[in-house]
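Raw contents of query-v3.pdb, PDB, C-alpha atoms:
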```pdb
ATOM      1  CA  ASP A   1       0.000   0.000   0.000
ATOM      2  CA  PRO A   2       1.201   3.575  -0.644
ATOM      3  CA  VAL A   3       2.647   5.458   2.328
ATOM      4  CA  ALA A   4       0.388   8.295   3.504
ATOM      5  CA  LYS A   5       2.608   9.660   6.278
ATOM      6  CA  ALA A   6       6.077   9.206   7.747
ATOM      7  CA  SER A   7       7.084  10.211  11.262
ATOM      8  CA  LEU A   8      10.822  10.304  11.921
ATOM      9  CA  GLY A   9      11.999  10.267  15.533
ATOM     10  CA  PRO A  10      15.544  10.598  16.881
ATOM     11  CA  ASN A  11      15.835   6.829  17.441
ATOM     12  CA  PHE A  12      13.066   5.155  15.434
ATOM     13  CA  SER A  13      10.498   5.905  12.726
ATOM     14  CA  ALA A  14       6.966   4.990  11.660
ATOM     15  CA  LEU A  15       5.182   4.734   8.326
ATOM     16  CA  LEU A  16       1.424   4.962   7.921
ATOM     17  CA  THR A  17      -0.190   3.534   4.780
ATOM     18  CA  THR A  18      -3.267   4.829   2.983
ATOM     19  CA  THR A  19      -5.226   1.842   4.321
ATOM     20  CA  GLY A  20      -4.306   2.612   7.962
ATOM     21  CA  ASP A  21      -1.602   0.013   8.532
ATOM     22  CA  LEU A  22       1.307   1.072  10.750
ATOM     23  CA  TYR A  23       4.917   0.022  10.193
ATOM     24  CA  THR A  24       7.751   0.873  12.608
ATOM     25  CA  PHE A  25      11.509   0.414  12.450
ATOM     26  CA  GLY A  26      14.701   1.375  14.262
ATOM     27  CA  TYR A  27      15.700   1.252  17.914
ATOM     28  CA  GLY A  28      13.334  -0.751  20.120
ATOM     29  CA  GLY A  29      14.382   0.671  23.482
ATOM     30  CA  SER A  30      16.266  -0.676  26.497
ATOM     31  CA  ARG A  31      15.738  -1.283  30.203
ATOM     32  CA  ILE A  32      17.495   2.023  30.905
ATOM     33  CA  ASN A  33      15.809   4.241  28.296
ATOM     34  CA  GLY A  34      12.440   2.516  28.224
ATOM     35  CA  MET A  35      11.132  -0.401  26.195
ATOM     36  CA  GLY A  36       8.493  -0.912  23.543
ATOM     37  CA  CYS A  37       8.527   2.269  21.436
ATOM     38  CA  LEU A  38       8.059   0.248  18.218
ATOM     39  CA  GLY A  39       4.884  -1.398  19.541
ATOM     40  CA  HIS A  40       5.969  -4.972  18.727
ATOM     41  CA  GLY A  41       5.858  -6.270  22.303
ATOM     42  CA  ASN A  42       9.627  -6.350  22.811
ATOM     43  CA  MET A  43      12.726  -4.158  22.658
ATOM     44  CA  ASP A  44      14.243  -5.710  19.539
ATOM     45  CA  VAL A  45      15.859  -3.527  16.904
ATOM     46  CA  HIS A  46      13.964  -3.649  13.596
ATOM     47  CA  PRO A  47      16.227  -2.553  10.698
ATOM     48  CA  THR A  48      13.362  -2.575   8.169
ATOM     49  CA  PRO A  49       9.722  -1.399   8.386
ATOM     50  CA  THR A  50       7.706  -4.012  10.316
ATOM     51  CA  LEU A  51       3.914  -4.165  10.520
ATOM     52  CA  VAL A  52       2.487  -3.498  14.005
ATOM     53  CA  ASN A  53       0.329  -6.630  14.143
ATOM     54  CA  SER A  54      -1.316  -5.852  17.485
ATOM     55  CA  LEU A  55      -3.270  -2.984  15.874
ATOM     56  CA  ILE A  56      -4.687  -5.339  13.240
ATOM     57  CA  GLU A  57      -5.537  -7.939  15.893
ATOM     58  CA  ASP A  58      -7.488  -5.256  17.779
ATOM     59  CA  GLY A  59      -9.287  -4.199  14.598
ATOM     60  CA  CYS A  60      -7.668  -0.743  14.677
ATOM     61  CA  TYR A  61      -6.431   1.369  11.795
ATOM     62  CA  ALA A  62      -4.159   4.360  12.242
ATOM     63  CA  SER A  63      -4.772   7.847  10.844
ATOM     64  CA  ASP A  64      -1.869   9.759  12.455
ATOM     65  CA  VAL A  65       1.369   8.929  14.266
ATOM     66  CA  HIS A  66       4.100  10.741  16.186
ATOM     67  CA  CYS A  67       7.512   9.304  17.135
ATOM     68  CA  GLY A  68       9.119  10.788  20.221
ATOM     69  CA  GLU A  69      12.485  10.022  21.791
ATOM     70  CA  TYR A  70      11.527   6.636  23.292
ATOM     71  CA  SER A  71       7.725   6.592  22.919
ATOM     72  CA  MET A  72       5.117   6.626  20.161
ATOM     73  CA  THR A  73       1.657   8.209  19.972
ATOM     74  CA  VAL A  74      -0.886   6.887  17.462
ATOM     75  CA  LEU A  75      -4.327   8.163  16.456
ATOM     76  CA  THR A  76      -6.821   5.603  15.145
ATOM     77  CA  THR A  77      -9.481   6.167  12.514
ATOM     78  CA  GLU A  78     -12.021   6.024  15.368
ATOM     79  CA  GLY A  79     -10.438   9.063  17.047
ATOM     80  CA  GLU A  80      -8.791   7.017  19.824
ATOM     81  CA  VAL A  81      -5.282   7.876  21.073
ATOM     82  CA  LEU A  82      -2.822   5.048  21.771
ATOM     83  CA  THR A  83       0.703   5.187  23.234
ATOM     84  CA  CYS A  84       3.606   2.782  23.783
ATOM     85  CA  GLY A  85       7.230   2.838  24.874
ATOM     86  CA  SER A  86       8.927   4.594  27.767
ATOM     87  CA  GLY A  87       6.685   5.677  30.625
ATOM     88  CA  SER A  88       9.114   8.158  32.173
ATOM     89  CA  TYR A  89       8.005  11.809  32.535
ATOM     90  CA  GLY A  90       4.380  10.764  32.012
ATOM     91  CA  ARG A  91       4.808  10.529  28.255
ATOM     92  CA  LEU A  92       2.275   7.691  27.901
ATOM     93  CA  GLY A  93      -0.522   9.808  29.431
ATOM     94  CA  ASN A  94      -1.836   7.094  31.738
ATOM     95  CA  LEU A  95      -0.511   8.258  35.138
ATOM     96  CA  GLU A  96       1.863   5.297  35.348
ATOM     97  CA  THR A  97       5.598   5.543  34.631
ATOM     98  CA  ILE A  98       5.785   1.878  33.590
ATOM     99  CA  ASP A  99       6.883   1.143  30.017
ATOM    100  CA  GLN A 100       4.281  -0.226  27.577
ATOM    101  CA  LEU A 101       5.431  -2.836  25.035
ATOM    102  CA  TYR A 102       2.212  -2.582  23.024
ATOM    103  CA  LEU A 103       0.020   0.346  22.017
ATOM    104  CA  GLU A 104      -2.544   1.002  24.766
ATOM    105  CA  PRO A 105      -5.374   3.590  24.904
ATOM    106  CA  VAL A 106      -4.842   6.902  26.704
ATOM    107  CA  GLU A 107      -7.864   6.408  28.944
ATOM    108  CA  LEU A 108      -8.612  10.075  29.670
ATOM    109  CA  MET A 109      -8.812  10.807  25.934
ATOM    110  CA  GLY A 110     -11.423   8.082  25.385
ATOM    111  CA  ALA A 111     -14.356  10.487  25.261
ATOM    112  CA  GLU A 112     -12.546  12.963  22.989
ATOM    113  CA  ASP A 113     -12.958  12.809  19.225
ATOM    114  CA  VAL A 114      -9.290  13.426  18.426
ATOM    115  CA  THR A 115      -8.407  14.596  14.907
ATOM    116  CA  GLN A 116      -4.637  15.183  15.085
ATOM    117  CA  VAL A 117      -1.670  14.200  17.260
ATOM    118  CA  ALA A 118       1.750  15.829  17.512
ATOM    119  CA  GLY A 119       4.599  15.819  19.958
ATOM    120  CA  GLY A 120       8.215  16.479  20.750
ATOM    121  CA  PHE A 121      11.095  14.778  22.496
ATOM    122  CA  ALA A 122       9.121  13.558  25.533
ATOM    123  CA  PHE A 123       5.612  15.026  25.290
ATOM    124  CA  SER A 124       2.459  14.642  23.225
ATOM    125  CA  LEU A 125      -0.407  16.836  22.044
ATOM    126  CA  ALA A 126      -3.859  15.739  20.886
ATOM    127  CA  LEU A 127      -6.333  18.033  19.113
ATOM    128  CA  ASN A 128     -10.034  17.177  19.299
ATOM    129  CA  SER A 129     -12.845  18.005  16.863
ATOM    130  CA  GLY A 130     -13.942  20.874  19.099
ATOM    131  CA  GLY A 131     -10.600  22.605  18.612
ATOM    132  CA  ILE A 132      -9.232  21.914  22.112
ATOM    133  CA  ILE A 133      -5.667  20.647  22.665
ATOM    134  CA  HIS A 134      -4.742  18.212  25.425
ATOM    135  CA  ALA A 135      -1.095  17.806  26.428
ATOM    136  CA  TRP A 136       0.893  15.341  28.531
ATOM    137  CA  GLY A 137       4.489  14.335  29.213
ATOM    138  CA  ARG A 138       7.567  16.333  30.101
ATOM    139  CA  ASN A 139       7.131  20.036  30.819
ATOM    140  CA  ASN A 140      10.607  21.230  31.827
ATOM    141  CA  GLU A 141      10.581  24.077  29.292
ATOM    142  CA  GLY A 142       6.865  24.865  29.226
ATOM    143  CA  GLN A 143       6.305  22.701  26.158
ATOM    144  CA  LEU A 144       2.882  21.550  27.364
ATOM    145  CA  GLY A 145       1.489  25.085  27.359
ATOM    146  CA  THR A 146      -0.224  24.500  30.700
ATOM    147  CA  GLY A 147       1.916  26.949  32.693
ATOM    148  CA  MET A 148       4.662  26.157  35.161
ATOM    149  CA  GLY A 149       3.894  28.086  38.326
ATOM    150  CA  LEU A 150       6.704  30.255  39.649
ATOM    151  CA  ALA A 151       9.732  28.559  38.145
ATOM    152  CA  ALA A 152      10.865  26.055  35.544
ATOM    153  CA  ASP A 153      11.578  22.630  37.007
ATOM    154  CA  MET A 154      13.702  20.105  35.104
ATOM    155  CA  TYR A 155      11.432  17.330  36.435
ATOM    156  CA  ALA A 156       8.137  19.104  35.611
ATOM    157  CA  MET A 157       5.630  16.826  33.882
ATOM    158  CA  GLU A 158       1.969  15.969  33.421
ATOM    159  CA  SER A 159       1.254  12.246  33.577
ATOM    160  CA  LEU A 160      -2.375  12.691  32.483
ATOM    161  CA  PRO A 161      -3.716  14.737  29.533
ATOM    162  CA  ARG A 162      -4.484  18.345  30.468
ATOM    163  CA  PRO A 163      -6.363  20.840  28.287
ATOM    164  CA  ILE A 164      -4.315  23.835  27.144
ATOM    165  CA  GLU A 165      -6.175  27.003  28.077
ATOM    166  CA  GLY A 166      -4.755  30.489  28.651
ATOM    167  CA  GLN A 167      -5.105  32.617  25.525
ATOM    168  CA  LEU A 168      -6.435  29.603  23.595
ATOM    169  CA  GLU A 169      -9.514  29.354  25.797
ATOM    170  CA  GLY A 170     -12.616  30.040  23.737
ATOM    171  CA  ARG A 171     -10.741  29.692  20.437
ATOM    172  CA  LYS A 172     -10.940  26.750  18.024
ATOM    173  CA  VAL A 173      -7.566  25.281  17.113
ATOM    174  CA  THR A 174      -7.324  23.755  13.635
ATOM    175  CA  ARG A 175      -3.647  22.711  13.394
ATOM    176  CA  ILE A 176      -0.941  21.720  15.895
ATOM    177  CA  ALA A 177       2.792  21.081  15.603
ATOM    178  CA  ALA A 178       5.632  20.429  18.023
ATOM    179  CA  GLY A 179       9.431  20.579  18.145
ATOM    180  CA  HIS A 180      11.946  19.303  20.670
ATOM    181  CA  THR A 181      10.605  21.309  23.643
ATOM    182  CA  HIS A 182       8.122  23.715  22.076
ATOM    183  CA  ALA A 183       4.817  23.664  20.229
ATOM    184  CA  ALA A 184       2.547  25.813  18.080
ATOM    185  CA  ALA A 185      -1.100  26.011  17.072
ATOM    186  CA  VAL A 186      -3.198  27.705  14.393
ATOM    187  CA  THR A 187      -6.744  28.798  15.211
ATOM    188  CA  SER A 188      -9.808  28.924  12.959
ATOM    189  CA  ASP A 189      -9.461  32.703  12.592
ATOM    190  CA  GLY A 190      -5.918  32.340  11.223
ATOM    191  CA  ALA A 191      -3.942  33.279  14.340
ATOM    192  CA  LEU A 192      -0.654  31.632  15.383
ATOM    193  CA  PHE A 193       0.175  30.721  18.980
ATOM    194  CA  THR A 194       3.504  29.364  20.254
ATOM    195  CA  TRP A 195       4.857  28.159  23.614
ATOM    196  CA  GLY A 196       7.790  26.314  25.179
ATOM    197  CA  MET A 197      11.605  26.433  24.793
ATOM    198  CA  ASN A 198      11.591  28.310  28.124
ATOM    199  CA  TRP A 199      10.484  31.407  26.183
ATOM    200  CA  VAL A 200       6.857  31.262  27.305
ATOM    201  CA  HIS A 201       5.076  28.556  29.275
ATOM    202  CA  GLU A 202       1.551  29.205  27.997
ATOM    203  CA  PRO A 203       0.220  29.877  24.479
ATOM    204  CA  LYS A 204       1.371  33.283  23.207
ATOM    205  CA  LEU A 205      -0.375  35.039  20.330
ATOM    206  CA  GLU A 206       2.164  36.030  17.657
ATOM    207  CA  THR A 207       0.897  39.562  17.149
ATOM    208  CA  THR A 208       3.300  40.355  14.292
ATOM    209  CA  LEU A 209       1.199  38.010  12.105
ATOM    210  CA  LEU A 210      -2.182  39.591  12.782
ATOM    211  CA  HIS A 211      -2.094  41.081   9.262
ATOM    212  CA  ALA A 212      -2.042  37.569   7.742
ATOM    213  CA  LYS A 213      -4.329  34.549   7.906
ATOM    214  CA  ILE A 214      -2.208  31.572   8.957
ATOM    215  CA  VAL A 215      -3.385  28.195   7.633
ATOM    216  CA  ASP A 216      -0.602  25.772   8.614
ATOM    217  CA  VAL A 217       2.326  25.415  11.014
ATOM    218  CA  ALA A 218       5.364  23.137  11.317
ATOM    219  CA  CYS A 219       8.083  22.821  13.953
ATOM    220  CA  GLY A 220      11.691  21.636  13.844
ATOM    221  CA  GLN A 221      14.047  21.116  16.748
ATOM    222  CA  ASN A 222      14.077  24.706  18.006
ATOM    223  CA  TYR A 223      12.189  26.647  15.347
ATOM    224  CA  THR A 224       8.735  27.172  13.854
ATOM    225  CA  LEU A 225       7.416  27.862  10.343
ATOM    226  CA  ALA A 226       3.980  29.317   9.612
ATOM    227  CA  LEU A 227       2.195  29.376   6.238
ATOM    228  CA  ASP A 228      -0.410  31.992   5.333
ATOM    229  CA  GLU A 229      -3.305  31.686   2.888
ATOM    230  CA  GLU A 230      -1.339  33.576   0.206
ATOM    231  CA  GLY A 231       1.437  30.950   0.260
ATOM    232  CA  ARG A 232       3.942  33.058   2.200
ATOM    233  CA  VAL A 233       6.145  31.465   4.881
ATOM    234  CA  TYR A 234       7.249  33.037   8.164
ATOM    235  CA  SER A 235       9.946  31.615  10.454
ATOM    236  CA  MET A 236      11.046  32.094  14.061
ATOM    237  CA  GLY A 237      13.284  30.388  16.610
ATOM    238  CA  LYS A 238      16.942  29.424  16.801
ATOM    239  CA  GLY A 239      18.566  29.897  13.402
ATOM    240  CA  LYS A 240      21.929  28.304  14.175
ATOM    241  CA  THR A 241      22.090  26.149  11.015
ATOM    242  CA  GLY A 242      20.451  28.732   8.732
ATOM    243  CA  VAL A 243      17.212  26.797   9.160
ATOM    244  CA  LEU A 244      15.049  29.947   9.326
ATOM    245  CA  GLY A 245      15.830  30.825   5.712
ATOM    246  CA  LEU A 246      16.573  34.437   6.655
ATOM    247  CA  ALA A 247      20.205  34.570   5.444
ATOM    248  CA  SER A 248      21.244  34.606   9.083
ATOM    249  CA  THR A 249      22.062  32.195  11.915
ATOM    250  CA  LYS A 250      20.632  34.456  14.622
ATOM    251  CA  THR A 251      17.824  33.604  17.025
ATOM    252  CA  ILE A 252      14.567  35.361  16.104
ATOM    253  CA  ALA A 253      11.885  35.556  18.817
ATOM    254  CA  TYR A 254       8.976  36.481  16.515
ATOM    255  CA  PRO A 255       7.828  35.360  13.037
ATOM    256  CA  VAL A 256       9.618  36.995  10.093
ATOM    257  CA  LEU A 257       8.703  36.674   6.411
ATOM    258  CA  VAL A 258      11.017  34.330   4.477
ATOM    259  CA  GLU A 259      11.827  36.452   1.421
ATOM    260  CA  GLY A 260      14.064  34.076  -0.529
ATOM    261  CA  ILE A 261      11.182  32.207  -2.163
ATOM    262  CA  PRO A 262      10.524  33.530  -5.721
ATOM    263  CA  GLU A 263       7.615  35.981  -5.873
ATOM    264  CA  ASP A 264       5.879  34.030  -8.629
ATOM    265  CA  GLU A 265       5.792  30.893  -6.434
ATOM    266  CA  LYS A 266       3.539  30.137  -3.482
ATOM    267  CA  VAL A 267       4.310  27.550  -0.823
ATOM    268  CA  ILE A 268       1.744  24.765  -0.525
ATOM    269  CA  SER A 269       3.413  22.554   2.109
ATOM    270  CA  MET A 270       6.272  22.630   4.606
ATOM    271  CA  SER A 271       8.339  19.955   6.350
ATOM    272  CA  CYS A 272      10.691  20.710   9.226
ATOM    273  CA  GLY A 273      13.634  18.454   9.974
ATOM    274  CA  TRP A 274      15.846  18.625  13.029
ATOM    275  CA  ALA A 275      18.004  21.358  11.498
ATOM    276  CA  HIS A 276      16.787  21.880   7.938
ATOM    277  CA  THR A 277      13.559  22.772   6.167
ATOM    278  CA  VAL A 278      11.856  21.756   2.908
ATOM    279  CA  CYS A 279       8.980  23.635   1.260
ATOM    280  CA  THR A 280       7.077  22.643  -1.865
ATOM    281  CA  THR A 281       5.737  25.399  -4.106
ATOM    282  CA  GLU A 282       3.527  25.894  -7.119
ATOM    283  CA  SER A 283       3.272  28.758  -9.596
ATOM    284  CA  LYS A 284       0.835  31.530  -8.663
TER     285      LYS A 284
END
```

How would this structure read if it were set down as structure tokens?
Amino acid sequence: DPVAKASLGPNFSALLTTTGDLYTFGYGGSRINGMGCLGHGNMDVHPTPTLVNSLIEDGCYASDVHCGEYSMTVLTTEGEVLTCGSGSYGRLGNLETIDQLYLEPVELMGAEDVTQVAGGFAFSLALNSGGIIHAWGRNNEGQLGTGMGLAADMYAMESLPRPIEGQLEGRKVTRIAAGHTHAAAVTSDGALFTWGMNWVHEPKLETTLLHAKIVDVACGQNYTLALDEEGRVYSMGKGKTGVLGLASTKTIAYPVLVEGIPEDEKVISMSCGWAHTVCTTESK
């Protein structure tokens, strides 16, 4: 079957076919780092894509997948969220810190009709059909968007899904994305919100983009790209490798228009790697 989506993590990867089958490959975990991230019931290394049979046995088909550092989050066609792998820092969303060798439901998300999942190094986000985001996992840099009290704590975490509120309360989110320790969301009125990286610990409206209607967002390791309805791209974050496309390696704390794309081309999709970016365009 043709591949519909690929999710590449730092240690393992997943492929999702058009028929909803899930294949995983790479590092299977360890007793130290956590076991079971591939969902095959063991911690074996799989050098080639291997079908996750337990999903088929349960009559489940996948519609979205995210690969974290040592855990995986999967969305089924029924809107159910499943996780497996390392349980440390609450990244499985089930209160326990025990590793899961197979994909298991995130119980608190059972009543939510989830439409998209995303995540970073050790946290996950789930967007429901009502436009509300739930977050769980590590929160040492405010990447969950749920606030951090008075100070950042390297052990901060949420072991159960929590709704992200703050400035997003009352707004309908349509797209989510996440990087290493930060995340971003687009709302139905075309606004962009970002949080994490120890810059802000709750969703922050990017006011410099209020003149544009944002329709999509993507995140790399420490940077964010936003796409507006006219096909223009804006970037922000740490530009160390030139990843922002701004002819600079500086850190930019707010979205800036990427001007290097030819004026007669409009961007239709974006993909953010760890330290590089790819955009596809079409003629205007």

Assuming the chain letters and numbering stay as they are in my file, what does the PyMOL selection byres ((chain A and resi 219-224) around 9) actually select? List them as a PDB file with C-alpha atoms, keeping the file's coordinate frame.
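selection-v8.pdb was written with the following content:
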```pdb
ATOM      1  CA  GLY A 120       8.215  16.479  20.750  1.00  0.00           C
ATOM      2  CA  ALA A 177       2.792  21.081  15.603  1.00  0.00           C
ATOM      3  CA  ALA A 178       5.632  20.429  18.023  1.00  0.00           C
ATOM      4  CA  GLY A 179       9.431  20.579  18.145  1.00  0.00           C
ATOM      5  CA  HIS A 180      11.946  19.303  20.670  1.00  0.00           C
ATOM      6  CA  THR A 181      10.605  21.309  23.643  1.00  0.00           C
ATOM      7  CA  HIS A 182       8.122  23.715  22.076  1.00  0.00           C
ATOM      8  CA  ALA A 183       4.817  23.664  20.229  1.00  0.00           C
ATOM      9  CA  ALA A 184       2.547  25.813  18.080  1.00  0.00           C
ATOM     10  CA  THR A 194       3.504  29.364  20.254  1.00  0.00           C
ATOM     11  CA  MET A 197      11.605  26.433  24.793  1.00  0.00           C
ATOM     12  CA  VAL A 217       2.326  25.415  11.014  1.00  0.00           C
ATOM     13  CA  ALA A 218       5.364  23.137  11.317  1.00  0.00           C
ATOM     14  CA  LEU A 225       7.416  27.862  10.343  1.00  0.00           C
ATOM     15  CA  ALA A 226       3.980  29.317   9.612  1.00  0.00           C
ATOM     16  CA  TYR A 234       7.249  33.037   8.164  1.00  0.00           C
ATOM     17  CA  SER A 235       9.946  31.615  10.454  1.00  0.00           C
ATOM     18  CA  MET A 236      11.046  32.094  14.061  1.00  0.00           C
ATOM     19  CA  GLY A 237      13.284  30.388  16.610  1.00  0.00           C
ATOM     20  CA  LYS A 238      16.942  29.424  16.801  1.00  0.00           C
ATOM     21  CA  GLY A 239      18.566  29.897  13.402  1.00  0.00           C
ATOM     22  CA  VAL A 243      17.212  26.797   9.160  1.00  0.00           C
ATOM     23  CA  LEU A 244      15.049  29.947   9.326  1.00  0.00           C
ATOM     24  CA  PRO A 255       7.828  35.360  13.037  1.00  0.00           C
ATOM     25  CA  SER A 271       8.339  19.955   6.350  1.00  0.00           C
ATOM     26  CA  CYS A 272      10.691  20.710   9.226  1.00  0.00           C
ATOM     27  CA  GLY A 273      13.634  18.454   9.974  1.00  0.00           C
ATOM     28  CA  TRP A 274      15.846  18.625  13.029  1.00  0.00           C
ATOM     29  CA  ALA A 275      18.004  21.358  11.498  1.00  0.00           C
ATOM     30  CA  HIS A 276      16.787  21.880   7.938  1.00  0.00           C
ATOM     31  CA  THR A 277      13.559  22.772   6.167  1.00  0.00           C
TER      32      THR A 277
END
```

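Here atom CA of A:Ile32 stands at a distance of 15.2 Å from atom CA of A:Ala122.
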
Please expand the PyMOL selection byres ((chain A and resi 97) around 6) into the concrete residues it hits in this file, giving the result as a PyMOL selection string. chain A and resi 87-88+90+96+98

Grab the residues selected above and save them as a compact mmCIF listing (two decimals), in the coordinates of the input with C-alpha atoms.
```txt
# COMPACT_ATOMS: atom_id res chain seq x y z
CA GLY A 87 6.68 5.68 30.62
CA SER A 88 9.11 8.16 32.17
CA GLY A 90 4.38 10.76 32.01
CA GLU A 96 1.86 5.30 35.35
CA ILE A 98 5.78 1.88 33.59
```

I'd like the residues picked by the PyMOL selection byres ((chain A and resi 154) around 12) written out as a list in words, using the chain letters and numbers from the file. Tyr89, Arg138, Asn139, Asn140, Glu141, Gly142, Gln143, Met148, Ala151, Ala152, Asp153, Tyr155, Ala156, Met157, Thr181 and Asn198 of chain A

What's the 10 Å shell around stretch 129-135 of chain A, counting all atoms listed in the file, without same-chain residues fewer than 6 positions away, as a count of residues only? 39

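Here atom CA of A:Ser30 and atom CA of A:Gly68 stand 14.9 Å from one another.
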
What is the distance, in Å and to one decimal place, between atom CA of A:Cys84 and atom CA of A:Leu15?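 Distance reported for this atom pair: 15.7 Å.
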
All residues 10 Å or closer to A:Tyr102, only C-alpha atoms, same chain fewer than 4 positions away omitted, as a list in words: Met35, Gly36, Cys37, Leu38, Gly39, His40, Gly41, Asn42, Val52, Asn53, Ser54, Leu55, Leu82, Thr83, Cys84 and Gly85 of chain A

Nearest residue to A:Gly59 from the set A:Gly20, A:Gly110, A:Pro47, A:Trp195 (distances using all atoms listed in the file):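 The answer is A:Gly20, which sits nearest to A:Gly59.
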
Near A:Arg232, within 12 Å and counting all atoms listed in the file, which residues show up once chain neighbours fewer than 6 positions away are dropped, as number ranges by chain? A: 209, 212-217, 225-226, 255-270, 279-282, 284

Taking into account all atoms listed in the file, which residue in the set A:Leu101, A:Ala4, A:Leu51, A:Val200 is nearest to A:Tyr70? A:Leu101

What are the centre and the three edge lengths of an axis-aligned box that wraps all atoms of stretch 77-96 of chain A in the file, given that 3 Å is added to every side, written as lines of an AutoDock Vina configuration file and rounded to one decimal in Å?
```
center_x = -1.5
center_y = 7.3
center_z = 23.9
size_x = 27.1
size_y = 15.0
size_z = 28.8
```

Closest of A:Leu16, A:Val45, A:Leu125, A:Ala191 to A:Thr77, counting all atoms listed in the file, is A:Leu16

Residue completion, stretch 255-260 of chain A, all heavy atoms, as a short mmCIF file (atom, residue, chain, number, x, y, z; two decimals), in the coordinates of the input:
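Output (part31.cif):
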```
data_model
loop_
_atom_site.label_atom_id
_atom_site.label_comp_id
_atom_site.auth_asym_id
_atom_site.auth_seq_id
_atom_site.Cartn_x
_atom_site.Cartn_y
_atom_site.Cartn_z
N PRO A 255 7.85 35.80 14.43
CA PRO A 255 7.83 35.36 13.04
C PRO A 255 8.25 36.46 12.06
O PRO A 255 7.80 37.61 12.16
CB PRO A 255 6.36 34.98 12.81
CG PRO A 255 5.78 34.81 14.17
CD PRO A 255 6.51 35.76 15.05
N VAL A 256 9.12 36.08 11.12
CA VAL A 256 9.62 36.99 10.09
C VAL A 256 9.38 36.36 8.72
O VAL A 256 9.58 35.15 8.55
CB VAL A 256 11.12 37.28 10.29
CG1 VAL A 256 11.68 38.10 9.14
CG2 VAL A 256 11.37 37.99 11.62
N LEU A 257 8.97 37.17 7.76
CA LEU A 257 8.70 36.67 6.41
C LEU A 257 9.98 36.13 5.77
O LEU A 257 11.02 36.79 5.79
CB LEU A 257 8.14 37.80 5.54
CG LEU A 257 7.85 37.47 4.07
CD1 LEU A 257 6.73 36.46 3.96
CD2 LEU A 257 7.51 38.74 3.29
N VAL A 258 9.90 34.92 5.21
CA VAL A 258 11.02 34.33 4.48
C VAL A 258 10.95 34.86 3.05
O VAL A 258 10.05 34.51 2.28
CB VAL A 258 10.94 32.79 4.49
CG1 VAL A 258 12.08 32.20 3.68
CG2 VAL A 258 10.96 32.27 5.92
N GLU A 259 11.91 35.72 2.69
CA GLU A 259 11.83 36.45 1.42
C GLU A 259 12.55 35.77 0.26
O GLU A 259 12.45 36.23 -0.87
CB GLU A 259 12.36 37.87 1.62
CG GLU A 259 11.51 38.69 2.59
CD GLU A 259 12.00 40.13 2.73
OE1 GLU A 259 13.14 40.38 2.30
OE2 GLU A 259 11.25 40.95 3.26
N GLY A 260 13.27 34.69 0.53
CA GLY A 260 14.06 34.08 -0.53
C GLY A 260 13.27 33.26 -1.53
O GLY A 260 13.80 32.89 -2.58
#
```
